[in-house]
>>> print(open('coords_23.cif').read())   # mmCIF, C-alpha atoms
data_final
loop_
_atom_site.label_atom_id
_atom_site.label_comp_id
_atom_site.auth_asym_id
_atom_site.auth_seq_id
_atom_site.Cartn_x
_atom_site.Cartn_y
_atom_site.Cartn_z
CA MET A 1 -9.91 12.29 7.42
CA SER A 2 -12.25 13.57 4.74
CA ASP A 3 -10.11 15.86 2.56
CA ILE A 4 -7.96 13.18 0.95
CA ASN A 5 -7.54 13.77 -2.79
CA HIS A 6 -5.04 11.12 -3.85
CA HIS A 7 -6.00 7.50 -3.35
CA LEU A 8 -4.73 3.96 -3.80
CA THR A 9 -4.87 2.37 -7.26
CA ASP A 10 -7.11 -0.61 -7.98
CA ALA A 11 -4.01 -2.73 -8.59
CA LEU A 12 -2.64 -1.97 -5.13
CA LEU A 13 -5.99 -2.64 -3.47
CA MET A 14 -6.45 -5.90 -5.34
CA GLY A 15 -2.88 -6.98 -4.55
CA TYR A 16 -3.36 -6.11 -0.88
CA SER A 17 -6.69 -7.92 -0.77
CA ALA A 18 -5.17 -10.97 -2.47
CA GLY A 19 -2.27 -10.85 0.00
CA THR A 20 0.48 -10.68 -2.62
CA LEU A 21 2.06 -7.28 -1.96
CA PRO A 22 5.52 -7.11 -0.42
CA GLU A 23 5.37 -6.20 3.27
CA ALA A 24 6.63 -2.63 2.74
CA PHE A 25 3.78 -1.93 0.27
CA SER A 26 1.22 -3.55 2.57
CA LEU A 27 2.40 -1.22 5.34
CA VAL A 28 1.76 1.86 3.19
CA VAL A 29 -1.61 0.53 1.99
CA ALA A 30 -2.74 -0.35 5.53
CA SER A 31 -1.62 3.07 6.78
CA HIS A 32 -3.52 4.91 4.04
CA ILE A 33 -6.67 2.84 4.60
CA SER A 34 -6.50 3.69 8.30
CA LEU A 35 -6.93 7.33 7.25
CA CYS A 36 -9.23 6.99 4.23
CA ASP A 37 -12.87 5.82 4.33
CA GLU A 38 -13.12 5.66 0.57
CA CYS A 39 -10.19 3.27 0.16
CA ARG A 40 -11.46 1.22 3.12
CA ALA A 41 -14.77 0.77 1.30
CA ARG A 42 -12.93 -0.08 -1.90
CA LEU A 43 -10.85 -2.67 -0.04
CA GLU A 44 -13.98 -4.26 1.43
CA SER A 45 -15.27 -4.61 -2.12
CA PHE A 46 -12.05 -6.26 -3.28
CA ASP A 47 -12.25 -8.60 -0.26
CA ALA A 48 -15.82 -9.45 -1.33
CA VAL A 49 -14.41 -10.50 -4.71
CA GLY A 50 -12.02 -12.78 -2.82
CA GLY A 51 -15.00 -14.24 -0.97
CA ALA A 52 -16.77 -14.93 -4.27
CA VAL A 53 -13.64 -16.56 -5.74
CA LEU A 54 -13.27 -18.75 -2.64
CA GLU A 55 -16.90 -19.77 -2.74
CA GLN A 56 -16.72 -20.61 -6.45
CA THR A 57 -13.56 -22.71 -6.20
CA ALA A 58 -14.44 -26.36 -6.85
CA ALA A 59 -14.40 -28.09 -3.45
CA ALA A 60 -11.54 -30.42 -2.47
CA PRO A 61 -12.96 -33.05 -0.07
CA MET A 62 -11.60 -33.00 3.48
CA ARG A 63 -10.29 -36.28 4.87
CA ASP A 64 -12.57 -38.52 6.93
CA GLY A 65 -13.04 -37.35 10.49
CA ALA A 66 -11.92 -33.80 9.69
CA LEU A 67 -14.91 -32.22 11.41
CA SER A 68 -14.46 -34.13 14.68
CA GLU A 69 -10.72 -33.38 14.53
CA CYS A 70 -11.59 -29.73 14.14
CA LEU A 71 -14.09 -29.76 17.02
CA GLY A 72 -11.41 -31.45 19.14
CA ARG A 73 -9.01 -28.62 18.36
CA ILE A 74 -11.69 -26.11 19.25
CA ALA A 75 -12.30 -27.85 22.60
CA ASN A 76 -8.57 -27.63 23.35
CA ALA A 77 -8.03 -24.15 21.96
CA ASP A 78 -7.05 -21.49 24.44
CA TRP A 79 -9.22 -18.57 23.57
CA ALA A 80 -11.37 -15.88 25.03
CA PRO A 81 -13.62 -13.48 23.15
CA THR A 82 -11.76 -10.22 23.50
CA ARG A 83 -11.81 -7.15 21.34
CA THR A 84 -8.61 -5.39 20.52
CA VAL A 85 -8.09 -2.36 22.70
CA ALA A 86 -8.55 1.00 21.01
CA LYS A 87 -5.28 2.78 20.35
CA ALA A 88 -4.05 5.75 22.31
CA VAL A 89 -5.57 8.96 21.00
CA GLY A 90 -3.56 11.84 19.65
CA SER A 91 -0.93 9.78 17.81
CA ASP A 92 0.64 11.33 14.71
CA LEU A 93 1.03 7.93 13.11
CA PRO A 94 -1.62 5.57 11.75
CA GLU A 95 -1.81 2.47 13.92
CA PRO A 96 -0.15 0.01 11.48
CA LEU A 97 2.97 2.18 11.53
CA THR A 98 3.38 2.45 15.28
CA SER A 99 4.57 -1.13 15.72
CA TYR A 100 7.22 -0.61 13.03
CA VAL A 101 8.40 2.63 14.58
CA GLY A 102 8.10 1.34 18.14
CA GLY A 103 5.92 4.24 19.21
CA ASP A 104 5.03 7.67 17.94
CA LEU A 105 6.99 10.12 15.78
CA ASP A 106 9.05 11.30 18.77
CA VAL A 107 10.87 7.95 19.01
CA VAL A 108 11.92 7.79 15.33
CA ARG A 109 15.70 7.62 14.97
CA TRP A 110 16.34 9.92 12.02
CA ARG A 111 19.51 9.79 9.93
CA LYS A 112 20.50 12.70 7.75
CA ILE A 113 20.85 11.86 4.07
CA GLY A 114 21.84 15.30 2.77
CA GLY A 115 20.03 18.47 1.75
CA GLY A 116 18.45 18.72 5.18
CA VAL A 117 16.44 15.55 4.48
CA SER A 118 16.42 12.76 7.07
CA GLN A 119 15.16 9.21 6.84
CA ALA A 120 14.48 6.21 9.02
CA VAL A 121 14.47 2.82 7.32
CA LEU A 122 11.78 0.48 8.68
CA LYS A 123 12.41 -3.23 8.96
CA THR A 124 10.37 -5.17 6.42
CA SER A 125 10.89 -8.37 4.45
CA LYS A 126 12.84 -8.20 1.22
CA GLY A 127 11.13 -7.39 -2.06
CA ALA A 128 10.52 -3.77 -1.17
CA THR A 129 11.81 -1.25 1.35
CA ALA A 130 9.93 1.21 3.56
CA ARG A 131 11.23 4.33 5.21
CA LEU A 132 10.07 7.50 6.86
CA LEU A 133 11.26 10.73 5.26
CA HIS A 134 11.55 14.08 7.02
CA ILE A 135 11.79 16.99 4.59
CA PRO A 136 12.25 20.51 5.98
CA ALA A 137 9.63 23.05 4.86
CA GLY A 138 10.49 24.49 1.46
CA GLN A 139 13.13 21.86 0.82
CA GLN A 140 13.36 20.00 -2.46
CA LEU A 141 13.97 16.29 -2.59
CA PRO A 142 16.72 15.14 -4.94
CA ASP A 143 15.43 14.76 -8.50
CA HIS A 144 14.96 11.08 -9.13
CA GLY A 145 13.32 8.66 -11.48
CA HIS A 146 11.96 5.29 -10.54
CA GLN A 147 12.76 1.81 -11.75
CA GLY A 148 9.90 0.12 -10.01
CA THR A 149 6.90 1.43 -8.11
CA GLU A 150 7.21 4.01 -5.37
CA LEU A 151 4.44 4.77 -2.89
CA THR A 152 4.58 7.96 -0.83
CA LEU A 153 2.03 8.57 1.92
CA VAL A 154 2.05 12.03 3.50
CA LEU A 155 1.77 11.88 7.30
CA LYS A 156 2.39 15.54 8.16
CA GLY A 157 2.74 18.73 6.15
CA ALA A 158 2.46 18.61 2.37
CA PHE A 159 4.56 18.44 -0.77
CA ARG A 160 4.06 19.54 -4.34
CA ASP A 161 5.50 18.28 -7.57
CA GLU A 162 5.06 19.65 -11.07
CA GLN A 163 1.47 18.39 -11.31
CA ASP A 164 -0.11 18.10 -7.90
CA ARG A 165 -0.27 18.86 -4.22
CA PHE A 166 -0.10 16.03 -1.68
CA ALA A 167 -1.23 16.73 1.88
CA ALA A 168 -1.66 14.58 4.99
CA GLY A 169 -3.40 11.31 4.10
CA ASP A 170 -2.73 11.63 0.38
CA ILE A 171 -0.81 8.89 -1.38
CA GLU A 172 1.29 9.25 -4.49
CA VAL A 173 1.77 6.14 -6.62
CA ALA A 174 4.72 6.66 -8.97
CA ASP A 175 6.14 4.31 -11.57
CA GLN A 176 9.10 4.45 -13.93
CA THR A 177 7.37 6.90 -16.25
CA LEU A 178 7.43 9.63 -13.60
CA THR A 179 10.47 11.78 -12.95
CA HIS A 180 9.57 14.53 -10.57
CA LYS A 181 10.93 17.14 -8.20
CA PRO A 182 8.80 17.06 -5.09
CA VAL A 183 9.14 20.08 -2.82
CA ALA A 184 7.91 20.31 0.77
CA GLU A 185 5.53 23.24 1.21
CA GLU A 186 6.58 26.29 3.14
CA GLY A 187 5.30 26.61 6.68
CA GLU A 188 5.58 23.07 7.99
CA ASP A 189 8.11 20.25 7.66
CA CYS A 190 6.80 17.30 5.66
CA ILE A 191 6.91 13.75 6.98
CA CYS A 192 6.16 10.89 4.60
CA LEU A 193 6.10 7.12 4.60
CA ALA A 194 7.70 5.90 1.36
CA ALA A 195 8.06 2.40 -0.03
CA THR A 196 9.73 1.23 -3.20
CA ASP A 197 10.38 -2.12 -4.83
CA ALA A 198 13.50 -0.86 -6.60
CA PRO A 199 16.50 1.23 -5.55
CA LEU A 200 15.95 4.92 -6.26
CA ARG A 201 17.93 6.29 -9.16
CA PHE A 202 19.06 9.85 -8.53
CA SER A 203 19.92 12.14 -11.41
CA THR A 204 22.82 13.81 -9.66
CA MET A 205 26.07 11.94 -9.16
CA LEU A 206 26.60 12.36 -5.45
CA PRO A 207 23.40 10.84 -4.11
CA ARG A 208 23.86 7.88 -6.42
CA LEU A 209 27.31 7.18 -5.00
CA ALA A 210 25.93 7.58 -1.52
CA GLN A 211 23.03 5.18 -2.03
CA PRO A 212 24.74 2.01 -0.77
CA PHE A 213 25.63 3.76 2.48
CA PHE A 214 22.17 5.05 3.16
CA ARG A 215 20.22 1.99 2.06
CA ILE A 216 17.94 3.97 -0.22
CA MET B 1 -31.54 -11.48 -10.90
CA THR B 2 -31.26 -15.00 -12.21
CA PHE B 3 -30.12 -16.96 -9.18
CA ASP B 4 -32.47 -18.51 -6.68
CA ASP B 5 -31.40 -18.16 -3.08
CA THR B 6 -34.54 -19.47 -1.41
CA ASN B 7 -32.88 -22.79 -0.52
CA ARG B 8 -29.63 -21.22 0.44
CA PRO B 9 -28.80 -21.33 4.15
CA SER B 10 -28.26 -17.99 5.80
CA TRP B 11 -24.66 -18.33 6.86
CA ALA B 12 -24.97 -15.12 8.86
CA GLY B 13 -27.66 -16.85 10.94
CA HIS B 14 -25.26 -19.77 11.49
CA MET B 15 -22.62 -17.36 12.73
CA LYS B 16 -25.10 -15.89 15.17
CA ARG B 17 -25.90 -19.37 16.54
CA ILE B 18 -22.20 -20.12 16.92
CA ARG B 19 -21.56 -16.83 18.64
CA GLU B 20 -24.51 -16.90 20.99
CA THR B 21 -25.04 -20.57 21.82
CA ARG B 22 -21.83 -22.29 20.65
CA ASP B 23 -24.05 -24.31 18.31
CA GLU B 24 -22.02 -27.27 16.97
CA ALA B 25 -24.70 -28.22 14.44
CA ALA B 26 -24.47 -24.78 12.85
CA PHE B 27 -20.68 -25.11 12.84
CA ALA B 28 -20.89 -28.54 11.21
CA GLU B 29 -22.92 -27.09 8.33
CA ILE B 30 -20.50 -24.22 7.81
CA PHE B 31 -17.62 -26.68 7.98
CA ALA B 32 -19.19 -29.02 5.42
CA TYR B 33 -19.68 -26.19 2.95
CA PHE B 34 -16.61 -24.01 3.46
CA ALA B 35 -13.76 -26.28 4.66
CA PRO B 36 -13.46 -28.14 1.30
CA ARG B 37 -13.55 -24.77 -0.51
CA VAL B 38 -10.86 -23.28 1.72
CA LYS B 39 -8.77 -26.41 1.16
CA ALA B 40 -9.21 -26.12 -2.62
CA PHE B 41 -8.45 -22.39 -2.51
CA LEU B 42 -5.19 -23.07 -0.65
CA MET B 43 -4.22 -25.84 -3.08
CA LYS B 44 -4.82 -23.43 -5.98
CA SER B 45 -2.50 -21.07 -4.09
CA GLY B 46 0.29 -23.63 -4.13
CA ALA B 47 -0.19 -25.67 -0.94
CA ASP B 48 -0.04 -29.47 -1.13
CA SER B 49 -3.11 -31.41 -0.07
CA GLY B 50 -1.87 -32.19 3.47
CA LEU B 51 -0.91 -28.62 4.28
CA ALA B 52 -4.10 -27.26 2.72
CA GLU B 53 -6.16 -29.65 4.87
CA ASP B 54 -4.38 -28.53 8.06
CA VAL B 55 -4.68 -24.84 7.25
CA ALA B 56 -8.35 -25.25 6.27
CA GLN B 57 -8.96 -26.73 9.72
CA ASP B 58 -7.07 -23.80 11.27
CA VAL B 59 -9.27 -21.38 9.39
CA LEU B 60 -12.44 -23.03 10.67
CA VAL B 61 -11.08 -23.13 14.24
CA THR B 62 -10.47 -19.38 13.90
CA LEU B 63 -14.02 -18.91 12.64
CA TRP B 64 -15.27 -20.45 15.89
CA THR B 65 -12.91 -18.66 18.27
CA LYS B 66 -13.35 -15.27 16.58
CA ALA B 67 -17.08 -15.59 15.88
CA HIS B 68 -17.71 -12.48 18.00
CA MET B 69 -15.63 -10.43 15.54
CA PHE B 70 -17.86 -11.24 12.56
CA ASP B 71 -20.13 -8.38 11.54
CA ALA B 72 -22.81 -9.48 9.10
CA SER B 73 -23.50 -5.89 8.05
CA ARG B 74 -19.90 -5.45 6.86
CA ALA B 75 -19.01 -8.74 5.15
CA SER B 76 -20.58 -11.98 3.99
CA VAL B 77 -19.44 -15.16 5.74
CA ALA B 78 -17.62 -16.21 2.54
CA THR B 79 -15.74 -12.91 2.47
CA TRP B 80 -14.83 -13.14 6.13
CA ILE B 81 -13.57 -16.71 5.68
CA PHE B 82 -11.60 -15.57 2.63
CA THR B 83 -9.79 -12.93 4.71
CA ILE B 84 -8.93 -15.48 7.41
CA ALA B 85 -7.71 -17.99 4.80
CA ARG B 86 -5.67 -15.32 3.03
CA ASN B 87 -3.98 -14.28 6.26
CA ARG B 88 -3.18 -17.88 7.17
CA ARG B 89 -1.79 -18.42 3.67
CA ILE B 90 0.53 -15.44 4.08
CA ASP B 91 1.67 -16.67 7.50
CA MET B 92 2.31 -20.23 6.42
CA LEU B 93 3.25 -20.18 2.76
CA ARG B 94 4.90 -16.83 2.31
CA LYS B 95 6.18 -16.30 5.85
CA ASP B 96 5.63 -12.60 5.36
CA ARG B 97 3.79 -9.98 7.37
CA ARG B 98 0.73 -8.13 6.17
CA PRO B 99 0.04 -5.10 8.34
CA GLU B 100 -3.69 -4.55 8.89
CA PRO B 101 -5.51 -1.21 8.83
CA GLU B 102 -6.57 0.32 12.11
CA ASP B 103 -9.95 -1.01 13.29
CA LEU B 104 -12.85 1.34 12.99
CA THR B 105 -13.95 2.68 16.33
CA TRP B 106 -17.18 0.78 16.73
CA GLY B 107 -20.05 2.37 18.54
CA PRO B 108 -21.96 0.47 21.23
CA GLU B 109 -23.97 -1.48 18.66
CA PRO B 110 -23.60 -5.19 19.42
CA GLU B 111 -26.34 -6.31 17.03
CA PRO B 112 -26.23 -4.97 13.46
CA ASP B 113 -29.46 -3.80 11.90
CA GLN B 114 -31.23 -6.64 10.08
CA ALA B 115 -31.92 -4.47 7.04
CA ASP B 116 -28.17 -3.78 6.72
CA VAL B 117 -27.41 -7.47 7.03
CA MET B 118 -29.94 -8.32 4.31
CA ALA B 119 -28.62 -5.60 2.02
CA LEU B 120 -25.06 -6.81 2.46
CA GLN B 121 -25.97 -10.44 1.78
CA GLN B 122 -27.89 -9.49 -1.38
CA ASP B 123 -24.97 -7.39 -2.44
CA ALA B 124 -22.55 -10.28 -1.97
CA GLU B 125 -24.87 -12.58 -3.91
CA ALA B 126 -25.05 -10.13 -6.79
CA LEU B 127 -21.26 -9.78 -6.89
CA GLY B 128 -20.88 -13.57 -6.83
CA THR B 129 -23.30 -13.90 -9.74
CA ALA B 130 -21.51 -11.17 -11.67
CA ILE B 131 -18.17 -12.93 -11.25
CA ALA B 132 -19.60 -16.35 -12.09
CA GLU B 133 -21.05 -14.91 -15.29
CA LEU B 134 -17.87 -13.18 -16.47
CA PRO B 135 -16.35 -14.37 -19.75
CA ALA B 136 -14.01 -17.28 -18.95
CA LYS B 137 -10.86 -15.30 -19.68
CA GLN B 138 -11.75 -12.46 -17.33
CA ARG B 139 -12.89 -14.80 -14.58
CA GLU B 140 -9.64 -16.70 -14.84
CA LEU B 141 -7.67 -13.47 -14.39
CA VAL B 142 -9.62 -12.59 -11.26
CA GLU B 143 -9.07 -16.11 -9.90
CA ARG B 144 -5.35 -15.98 -10.61
CA ALA B 145 -5.04 -12.65 -8.79
CA TYR B 146 -6.73 -14.08 -5.68
CA TYR B 147 -4.91 -17.41 -5.80
CA GLY B 148 -1.76 -15.30 -5.55
CA ASP B 149 -0.53 -15.94 -9.10
CA LEU B 150 -0.29 -12.28 -10.15
CA SER B 151 2.18 -9.78 -8.72
CA HIS B 152 1.15 -6.18 -8.15
CA ALA B 153 3.01 -5.16 -11.33
CA GLU B 154 1.15 -7.84 -13.31
CA ILE B 155 -2.21 -6.71 -11.92
CA ALA B 156 -1.32 -3.09 -12.78
CA ALA B 157 -0.33 -4.04 -16.34
CA GLU B 158 -3.36 -6.27 -16.92
CA THR B 159 -6.09 -4.55 -18.90
CA GLY B 160 -8.50 -7.51 -18.96
CA LEU B 161 -9.51 -7.31 -15.31
CA PRO B 162 -13.25 -6.58 -14.96
CA LEU B 163 -12.88 -3.72 -12.51
CA GLY B 164 -16.30 -2.29 -13.44
CA THR B 165 -17.90 -5.32 -11.80
CA ILE B 166 -16.21 -4.37 -8.56
CA LYS B 167 -16.73 -0.63 -8.81
CA SER B 168 -20.48 -0.88 -8.95
CA ARG B 169 -20.34 -2.35 -5.46
CA ILE B 170 -18.02 0.23 -3.97
CA ARG B 171 -20.60 3.01 -3.64
CA LEU B 172 -22.78 0.75 -1.49
CA ALA B 173 -19.82 -0.26 0.65
CA LEU B 174 -18.92 3.37 1.18
CA ASP B 175 -22.47 4.31 2.16
CA ARG B 176 -22.44 1.51 4.71
CA LEU B 177 -19.12 2.63 6.15
CA ARG B 178 -20.28 6.21 6.48
CA TYR B 179 -23.33 4.90 8.33
CA VAL B 180 -21.14 2.87 10.69
CA MET B 181 -18.83 5.84 11.30
CA LYS B 182 -21.65 8.19 12.31
#
>>> encode(input="coords_23.cif", output="structure tokens")
Amino acid sequence: MSDINHHLTDALLMGYSAGTLPEAFSLVVASHISLCDECRARLESFDAVGGAVLEQTAAAPMRDGALSECLGRIANADWAPTRTVAKAVGSDLPEPLTSYVGGDLDVVRWRKIGGGVSQAVLKTSKGATARLLHIPAGQQLPDHGHQGTELTLVLKGAFRDEQDRFAAGDIEVADQTLTHKPVAEEGEDCICLAATDAPLRFSTMLPRLAQPFFRI
Amino acid sequence: MTFDDTNRPSWAGHMKRIRETRDEAAFAEIFAYFAPRVKAFLMKSGADSGLAEDVAQDVLVTLWTKAHMFDASRASVATWIFTIARNRRIDMLRKDRRPEPEDLTWGPEPEPDQADVMALQQDAEALGTAIAELPAKQRELVERAYYGDLSHAEIAAETGLPLGTIKSRIRLALDRLRYVMK
């Protein structure tokens, strides 16, 4: 995908490279990188920094006999040089997402959360939550602010907020300073992968009361 | 450039020997250099000495069994080992999952172009030198991020990270990717 305009931040790439992001964030980052050459190149550069840090860490001697132990484990290891099989073509979802969904978009079990919007919470470790959002064309999401960081990756369709347009492959990185009213564009329903490390805080009373029921 | 790499072994060449002839002597040299660094890296990340030793061995076993996956035109051996060590650290210390991006669809190109391999290795050397020569405070921040001491929020809030050092490399990485994707 070459027409991506909104990319990952350096902090997210460095956190992902260092391996310190919560799983839900890693899922969004991995999904975006699957679609975006530029961020893939940026990640490779951050990984190269990790390689330099590793190489410059003062060595801690291995115990005696470690090498022969290791060769023994290699001799006993059950392995065969195989490459991973290429994924099925024509999927709507980036590969990292398919194992969380259990297939393609047609198997997602949507739950309505009001205003025509549906969601499907994905199972990830605690620390952050990930979910798919389905927003009908022309529909506005509830106005909300953010306590932590929220990542929104567009998978299908597009949405706009006050400042920008986000289309398939684009990622929005929002923090607590941003309060916005994203609206799905007319013409096509919008499907997003969203992750947040804090519960969303809706401005209107009803969605806030409903939050515990919908796990958002 | 100020460093002298004439006496430096070509780790990419070692990987080739491991991949093609299962060369234990080449493996022994990689082990002697990298295993103690992986162990130290894991101890800096919070593992005790015994666990770090075991995981370091795991990492080197993986280097052998997955030698065919290493692409010397995409990553230096140090970088590749770092990614293996990082993933093992996540599995063992954090017990978390880290979804990986989709693999690029590789063309039928089993042997990378030597010029690309050379360019990548020089690139990695230059980045290593740049990081080694950072002011102590900045270098320490980078190290803490990769030892897993900084959360995403802390990285985002930190203004002292030398991101320019990294950015200068990104253009080259992107050119290489575009070449691979053609």
>>> closest_residue(input="coords_23.cif", among="B:Asp71, B:Glu24, B:Asp48, B:Asp113", to="chain A", atoms="only C-alpha atoms")
B:Glu24
>>> closest_residue(input="coords_23.cif", among="B:Leu104, B:Ala67, B:Ala156, B:Ala72", to="chain A", atoms="all atoms listed in the file")
B:Ala156
>>> resolve_selection(input="coords_23.cif", expression="the PyMOL selection byres ((chain B and resi 131-133) around 12)", output="JSON, numbers by chain")
{"A": [48, 49, 50, 51, 52, 53, 54, 55, 56, 57], "B": [1, 2, 3, 124, 125, 126, 127, 128, 129, 130, 134, 135, 136, 137, 138, 139, 140, 141, 142, 143, 161, 162, 163, 164, 165, 166]}
>>> resolve_selection(input="coords_23.cif", expression="the PyMOL selection byres ((chain B and resi 68) around 7)", output="CSV table (one decimal) with C-alpha atoms, in the frame of the given file")
chain,number,residue,atom,x,y,z
A,81,PRO,CA,-13.6,-13.5,23.2
B,19,ARG,CA,-21.6,-16.8,18.6
B,66,LYS,CA,-13.4,-15.3,16.6
B,67,ALA,CA,-17.1,-15.6,15.9
B,69,MET,CA,-15.6,-10.4,15.5
B,70,PHE,CA,-17.9,-11.2,12.6
>>> atom_distance(input="coords_23.cif", atom1="atom CA of Glu53 of chain B", atom2="atom CA of Tyr146 of chain B")
18.8 Å
>>> closest_residue(input="coords_23.cif", among="B:Ala26, B:Leu93, B:Ala75, B:Ala119", to="Ala52 of chain B", atoms="only C-alpha atoms")
B:Leu93
>>> closest_atom_pairs(input="coords_23.cif", of="chain B", to="chain A", cutoff="6 Å", atoms="all atoms listed in the file", output="JSON lines")
{"residue": "B:Pro36", "atom": "CA", "partner": "A:Ala60", "partner_atom": "CA", "distance": 4.8}
{"residue": "B:Arg37", "atom": "CA", "partner": "A:Ala59", "partner_atom": "CA", "distance": 4.5}
{"residue": "B:Ala40", "atom": "CA", "partner": "A:Ala60", "partner_atom": "CA", "distance": 4.9}
{"residue": "B:Gln57", "atom": "CA", "partner": "A:Cys70", "partner_atom": "CA", "distance": 6.0}
{"residue": "B:Val61", "atom": "CA", "partner": "A:Ile74", "partner_atom": "CA", "distance": 5.9}
{"residue": "B:Ala78", "atom": "CA", "partner": "A:Gly51", "partner_atom": "CA", "distance": 4.8}
{"residue": "B:Thr79", "atom": "CA", "partner": "A:Gly51", "partner_atom": "CA", "distance": 3.8}
{"residue": "B:Phe82", "atom": "CA", "partner": "A:Gly51", "partner_atom": "CA", "distance": 5.1}
{"residue": "B:Arg97", "atom": "CA", "partner": "A:Glu23", "partner_atom": "CA", "distance": 5.8}
{"residue": "B:Arg98", "atom": "CA", "partner": "A:Glu23", "partner_atom": "CA", "distance": 5.8}
{"residue": "B:Pro99", "atom": "CA", "partner": "A:Leu27", "partner_atom": "CA", "distance": 5.4}
{"residue": "B:Glu100", "atom": "CA", "partner": "A:Ala30", "partner_atom": "CA", "distance": 5.5}
{"residue": "B:Pro101", "atom": "CA", "partner": "A:Ala30", "partner_atom": "CA", "distance": 4.4}
{"residue": "B:Glu102", "atom": "CA", "partner": "A:Ser34", "partner_atom": "CA", "distance": 5.1}
{"residue": "B:Gly128", "atom": "CA", "partner": "A:Ala52", "partner_atom": "CA", "distance": 5.0}
{"residue": "B:Tyr146", "atom": "CA", "partner": "A:Ala18", "partner_atom": "CA", "distance": 4.7}
{"residue": "B:Gly148", "atom": "CA", "partner": "A:Thr20", "partner_atom": "CA", "distance": 5.9}
{"residue": "B:His152", "atom": "CA", "partner": "A:Gly15", "partner_atom": "CA", "distance": 5.5}
{"residue": "B:Ile155", "atom": "CA", "partner": "A:Ala11", "partner_atom": "CA", "distance": 5.5}
{"residue": "B:Ala156", "atom": "CA", "partner": "A:Ala11", "partner_atom": "CA", "distance": 5.0}
{"residue": "B:Ile170", "atom": "CA", "partner": "A:Arg42", "partner_atom": "CA", "distance": 5.5}
{"residue": "B:Ala173", "atom": "CA", "partner": "A:Ala41", "partner_atom": "CA", "distance": 5.2}
{"residue": "B:Leu174", "atom": "CA", "partner": "A:Ala41", "partner_atom": "CA", "distance": 4.9}
>>> residues_around(input="coords_23.cif", residues="Leu122 of chain A", least_positions_apart="6", cutoff="9 Å", atoms="only C-alpha atoms", output="ChimeraX atom specification")
/A:24,100-101,129-132
>>> atom_distance(input="coords_23.cif", atom1="atom CA of His180 of chain A", atom2="atom CA of Val121 of chain A")
21.9 Å
>>> resolve_selection(input="coords_23.cif", expression="the PyMOL selection byres ((chain B and resi 88) around 12)", output="CSV table (one decimal) with C-alpha atoms, in the frame of the given file")
chain,number,residue,atom,x,y,z
A,19,GLY,CA,-2.3,-10.8,0.0
B,38,VAL,CA,-10.9,-23.3,1.7
B,39,LYS,CA,-8.8,-26.4,1.2
B,41,PHE,CA,-8.4,-22.4,-2.5
B,42,LEU,CA,-5.2,-23.1,-0.6
B,45,SER,CA,-2.5,-21.1,-4.1
B,47,ALA,CA,-0.2,-25.7,-0.9
B,51,LEU,CA,-0.9,-28.6,4.3
B,52,ALA,CA,-4.1,-27.3,2.7
B,54,ASP,CA,-4.4,-28.5,8.1
B,55,VAL,CA,-4.7,-24.8,7.2
B,56,ALA,CA,-8.4,-25.2,6.3
B,57,GLN,CA,-9.0,-26.7,9.7
B,58,ASP,CA,-7.1,-23.8,11.3
B,59,VAL,CA,-9.3,-21.4,9.4
B,60,LEU,CA,-12.4,-23.0,10.7
B,61,VAL,CA,-11.1,-23.1,14.2
B,62,THR,CA,-10.5,-19.4,13.9
B,81,ILE,CA,-13.6,-16.7,5.7
B,82,PHE,CA,-11.6,-15.6,2.6
B,83,THR,CA,-9.8,-12.9,4.7
B,84,ILE,CA,-8.9,-15.5,7.4
B,85,ALA,CA,-7.7,-18.0,4.8
B,86,ARG,CA,-5.7,-15.3,3.0
B,87,ASN,CA,-4.0,-14.3,6.3
B,89,ARG,CA,-1.8,-18.4,3.7
B,90,ILE,CA,0.5,-15.4,4.1
B,91,ASP,CA,1.7,-16.7,7.5
B,92,MET,CA,2.3,-20.2,6.4
B,93,LEU,CA,3.2,-20.2,2.8
B,94,ARG,CA,4.9,-16.8,2.3
B,95,LYS,CA,6.2,-16.3,5.8
B,96,ASP,CA,5.6,-12.6,5.4
B,97,ARG,CA,3.8,-10.0,7.4
B,98,ARG,CA,0.7,-8.1,6.2
>>> closest_residue(input="coords_23.cif", among="B:Glu29, B:Asp116, B:Glu20, B:Glu158", to="Arg74 of chain B", atoms="only C-alpha atoms")
B:Asp116
>>> residues_around(input="coords_23.cif", residues="Ala25 of chain B", least_positions_apart="3", cutoff="12 Å", atoms="only C-alpha atoms", output="ChimeraX atom specification")
/A:67-68,71 /B:14-15,17-18,21-22,28-32
>>> write_last_selection(input="coords_23.cif", atoms="C-alpha atoms", output="compact mmCIF listing (two decimals), in the coordinates of the input")
# COMPACT_ATOMS: atom_id res chain seq x y z
CA LEU A 67 -14.91 -32.22 11.41
CA SER A 68 -14.46 -34.13 14.68
CA LEU A 71 -14.09 -29.76 17.02
CA HIS B 14 -25.26 -19.77 11.49
CA MET B 15 -22.62 -17.36 12.73
CA ARG B 17 -25.90 -19.37 16.54
CA ILE B 18 -22.20 -20.12 16.92
CA THR B 21 -25.04 -20.57 21.82
CA ARG B 22 -21.83 -22.29 20.65
CA ALA B 28 -20.89 -28.54 11.21
CA GLU B 29 -22.92 -27.09 8.33
CA ILE B 30 -20.50 -24.22 7.81
CA PHE B 31 -17.62 -26.68 7.98
CA ALA B 32 -19.19 -29.02 5.42
>>> residues_around(input="coords_23.cif", residues="Thr152 of chain A", least_positions_apart="4", cutoff="8 Å", atoms="only C-alpha atoms", output="list in words")
Val28, Ile171, Glu172, Val173, Cys192, Leu193, Ala194 and Ala195 of chain A
>>> closest_residue(input="coords_23.cif", among="B:Phe27, B:Pro112, B:Gly160, B:Leu120", to="Thr65 of chain B", atoms="only C-alpha atoms")
B:Phe27
